[in-house]
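Before any comments, here is the structure.
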Amino acid sequence: MGFEMFLVEPIADTAAMLLTAMDSQPGGKWSSAARTVQAIKTNPPVESPLRQFIVAWSVLTIGAFFFYFFFSGLNYYFIHRRYGNLDHAPYPGQVRAEIMMASKAIPVMGLLTAPIVVLECQGYSRLYGPGTPHGYSDYGHTYTVVTALIFLLFTDACIYWIHRALHYGWIYQTLHKDHHKWKHPTPFASHAFHPVDGWVQSVPYHIFAFFVPMHKLVFLGLFIFVNIWTVSIHDGASIKPPSWLNGAAHHTYHHKDFSFNYGQYFVFWDWFGGTLRSPYDPGRLLNKNKSDKKKL
Ligand SMILES: [Zn+2]
Ligand SMILES: [Zn+2]
């Protein structure tokens with residue numbers, strides 16, 4: 001796994017170097033501890049599912065925390081505070097509560113996702129690139145662009161129907177209600193949900209990679225992109241996107257009246273399913289209709 005080179009080996013080498021430096025003379029007790037630390041580079045073996053699970057969980061959890069705080073923080077200060085939910089400020093302590101919920105969900109989502117990543121590392125998916133028999137040149141630019149577009153359309157369709165199912169009776173009460181605690185979400189609400197809720201909405205991305213050949217870096221890039229997108233649709237900004245795009249205003253409207261706008265990237269499935277409501281119609285404008293405040 002490429003992450004070995006960027007995560008496990010540098011950590012082991014740095015720890016071993018620091019431990020060795022603690023010895024006043026070569027070969028002391030700290031040097032022997034350093035050798036033990038160095039041994040984790042090969043034991044358990046790099047190809048073992050147990051090791052891949054531990055590394056996958058670590059990378060998913062650290063990566064998710066990094067991207068969550070980085071993109072949500074940037075969005076919060078530069079977009080949400082200027083353009084988002086201007087007439088509906090978050091309630092006191094909401095941002096902290098959103099961060100607390102997301103911080104509990106992220107490590108558990110990592111645990112649920114790590115087994116899928118282990119299967120991908122073991123070669124059961126159609127991902128290609130470093131460490132596999134095929135590379136970028138086997139497929140080329142056109143294939144890469146077309147699969148990326150199909151990936152977005154496929155996952156958008158799956159997430160629409162998964163999201164609708166998450167609003168069904170006991171499923172809603174058990175899994176999705178937590179996320180609808182935020183009537184006027186901030187970007188920090190993007191990952192504030194029940195861990196199974198977040199995980200089940202990520203499964204279509206992996207399903208696609210098990211059936212359609214994709215370059216590993218394209219897959220990773222699109223996975224990061226969906227996280228940025230998820231942050232952006234929670235910033236409450238009423239910046240009108242093209243009519244086929246599901247923007248922040250659509251999703252904020254979903255948080256207020258959750259019978260509509262279940263989509264992720266596009267409005268096609270909401271249109272098809274009869275659940276599309278434009279947040280730009282008079283009376284639904286997020287930042288103009290102050291009377292909404294009295295209803296909530
Ligand atoms: Zn949401
Ligand atoms: Zn919902």
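To be explicit about the labels: the chains of the structure tokens are called A, B, and onward in the order shown, and within each one the residues are counted from 1, while ligands get numbers from 1 in the order they are shown.
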
With 7 Å as the cut-off and only C-alpha atoms and all ligand atoms counted, what is the closest atom pair between each nearby residue of chain A and ligand 1? Distances in Å to one decimal, ordered by chain and number, as JSON lines.
{"residue": "A:His179", "atom": "CA", "partner": "ligand 1", "partner_atom_place_in_ligand_line": "1 (Zn)", "distance": 6.3}
{"residue": "A:Ala189", "atom": "CA", "partner": "ligand 1", "partner_atom_place_in_ligand_line": "1 (Zn)", "distance": 6.8}
{"residue": "A:Ser190", "atom": "CA", "partner": "ligand 1", "partner_atom_place_in_ligand_line": "1 (Zn)", "distance": 6.0}
{"residue": "A:His234", "atom": "CA", "partner": "ligand 1", "partner_atom_place_in_ligand_line": "1 (Zn)", "distance": 6.1}
{"residue": "A:His251", "atom": "CA", "partner": "ligand 1", "partner_atom_place_in_ligand_line": "1 (Zn)", "distance": 6.3}
{"residue": "A:His255", "atom": "CA", "partner": "ligand 1", "partner_atom_place_in_ligand_line": "1 (Zn)", "distance": 6.3}

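Selection of all polymer residues within 9 Å of ligand 2 on the basis of only C-alpha atoms and all ligand atoms gives His163, Arg164, Leu166, His167, Tyr172, His176, Lys177, His179, His180, His251, His254, His255, Phe258, Ser259, Phe260, Asn261 and Tyr262 of chain A.
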
Kindly save the residues from that selection, with N, CA and C atoms included, as a PDB file, in the first residue's frame.
ATOM      1  N   HIS A 163     -30.659   8.327   0.332  1.00  0.00           N
ATOM      2  CA  HIS A 163     -31.111   9.442   1.178  1.00  0.00           C
ATOM      3  C   HIS A 163     -32.625   9.379   1.394  1.00  0.00           C
ATOM      4  N   ARG A 164     -33.355   9.028   0.328  1.00  0.00           N
ATOM      5  CA  ARG A 164     -34.816   8.894   0.496  1.00  0.00           C
ATOM      6  C   ARG A 164     -35.140   7.767   1.478  1.00  0.00           C
ATOM      7  N   LEU A 166     -33.279   6.791   3.863  1.00  0.00           N
ATOM      8  CA  LEU A 166     -32.890   7.243   5.205  1.00  0.00           C
ATOM      9  C   LEU A 166     -33.987   8.092   5.852  1.00  0.00           C
ATOM     10  N   HIS A 167     -34.929   8.571   5.045  1.00  0.00           N
ATOM     11  CA  HIS A 167     -36.037   9.353   5.601  1.00  0.00           C
ATOM     12  C   HIS A 167     -37.257   8.489   5.904  1.00  0.00           C
ATOM     13  N   TYR A 172     -35.116   6.577   9.619  1.00  0.00           N
ATOM     14  CA  TYR A 172     -34.853   7.989   9.904  1.00  0.00           C
ATOM     15  C   TYR A 172     -34.564   8.191  11.391  1.00  0.00           C
ATOM     16  N   HIS A 176     -30.780   8.821  10.619  1.00  0.00           N
ATOM     17  CA  HIS A 176     -30.635  10.097   9.902  1.00  0.00           C
ATOM     18  C   HIS A 176     -31.084  11.311  10.712  1.00  0.00           C
ATOM     19  N   LYS A 177     -31.814  11.050  11.789  1.00  0.00           N
ATOM     20  CA  LYS A 177     -32.367  12.168  12.569  1.00  0.00           C
ATOM     21  C   LYS A 177     -31.259  13.068  13.123  1.00  0.00           C
ATOM     22  N   HIS A 179     -28.561  14.040  11.805  1.00  0.00           N
ATOM     23  CA  HIS A 179     -28.087  15.041  10.836  1.00  0.00           C
ATOM     24  C   HIS A 179     -29.108  16.169  10.650  1.00  0.00           C
ATOM     25  N   HIS A 180     -30.397  15.863  10.917  1.00  0.00           N
ATOM     26  CA  HIS A 180     -31.431  16.890  10.745  1.00  0.00           C
ATOM     27  C   HIS A 180     -31.647  17.709  12.006  1.00  0.00           C
ATOM     28  N   HIS A 251     -29.852  22.225  -0.417  1.00  0.00           N
ATOM     29  CA  HIS A 251     -29.645  21.329   0.726  1.00  0.00           C
ATOM     30  C   HIS A 251     -30.042  21.995   2.046  1.00  0.00           C
ATOM     31  N   HIS A 254     -33.522  21.461   2.291  1.00  0.00           N
ATOM     32  CA  HIS A 254     -33.780  20.085   2.732  1.00  0.00           C
ATOM     33  C   HIS A 254     -33.685  19.973   4.249  1.00  0.00           C
ATOM     34  N   HIS A 255     -32.742  20.669   4.859  1.00  0.00           N
ATOM     35  CA  HIS A 255     -32.619  20.619   6.325  1.00  0.00           C
ATOM     36  C   HIS A 255     -33.824  21.256   7.006  1.00  0.00           C
ATOM     37  N   PHE A 258     -37.672  18.557   5.174  1.00  0.00           N
ATOM     38  CA  PHE A 258     -36.939  17.416   4.644  1.00  0.00           C
ATOM     39  C   PHE A 258     -37.724  16.468   3.744  1.00  0.00           C
ATOM     40  N   SER A 259     -38.847  16.947   3.189  1.00  0.00           N
ATOM     41  CA  SER A 259     -39.558  16.128   2.190  1.00  0.00           C
ATOM     42  C   SER A 259     -39.050  16.404   0.787  1.00  0.00           C
ATOM     43  N   PHE A 260     -38.113  17.328   0.660  1.00  0.00           N
ATOM     44  CA  PHE A 260     -37.663  17.744  -0.673  1.00  0.00           C
ATOM     45  C   PHE A 260     -36.136  17.797  -0.752  1.00  0.00           C
ATOM     46  N   ASN A 261     -35.653  17.786  -2.019  1.00  0.00           N
ATOM     47  CA  ASN A 261     -34.234  18.013  -2.315  1.00  0.00           C
ATOM     48  C   ASN A 261     -33.310  17.023  -1.598  1.00  0.00           C
ATOM     49  N   TYR A 262     -33.411  15.746  -2.030  1.00  0.00           N
ATOM     50  CA  TYR A 262     -32.560  14.697  -1.450  1.00  0.00           C
ATOM     51  C   TYR A 262     -31.233  14.543  -2.196  1.00  0.00           C
TER      52      TYR A 262
END

Task: Which of range 101-270 of chain A fall in strand (DSSP E or B), as a count of residues only - done: 7

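Between CA of Gly236 in chain A and CA of Thr252 in chain A there is a distance of 5.7 Å.
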
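Residues in contact with range 38-47 of chain A at 9 Å, where only C-alpha atoms are counted and same-chain residues fewer than 2 positions away are skipped, are listed as Met1, Glu4, Val8, Glu9, Ala12, Asp13, Ala15, Ala16, Ala33, Ala34, Arg35, Thr36, Pro49, Leu50, Arg51, Gln52, Cys121 and Gln122 of chain A.
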
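Our summary of the geometry notes that CA of Gly129 in chain A is positioned 5.8 Å from CA of Lys216 in chain A.
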
Open item on the list: When you count only C-alpha atoms, which of these residues is closest to Pro130 in chain A: A:Val55, A:Leu217, A:Ile224, A:Ala157?
Closed with: A:Leu217
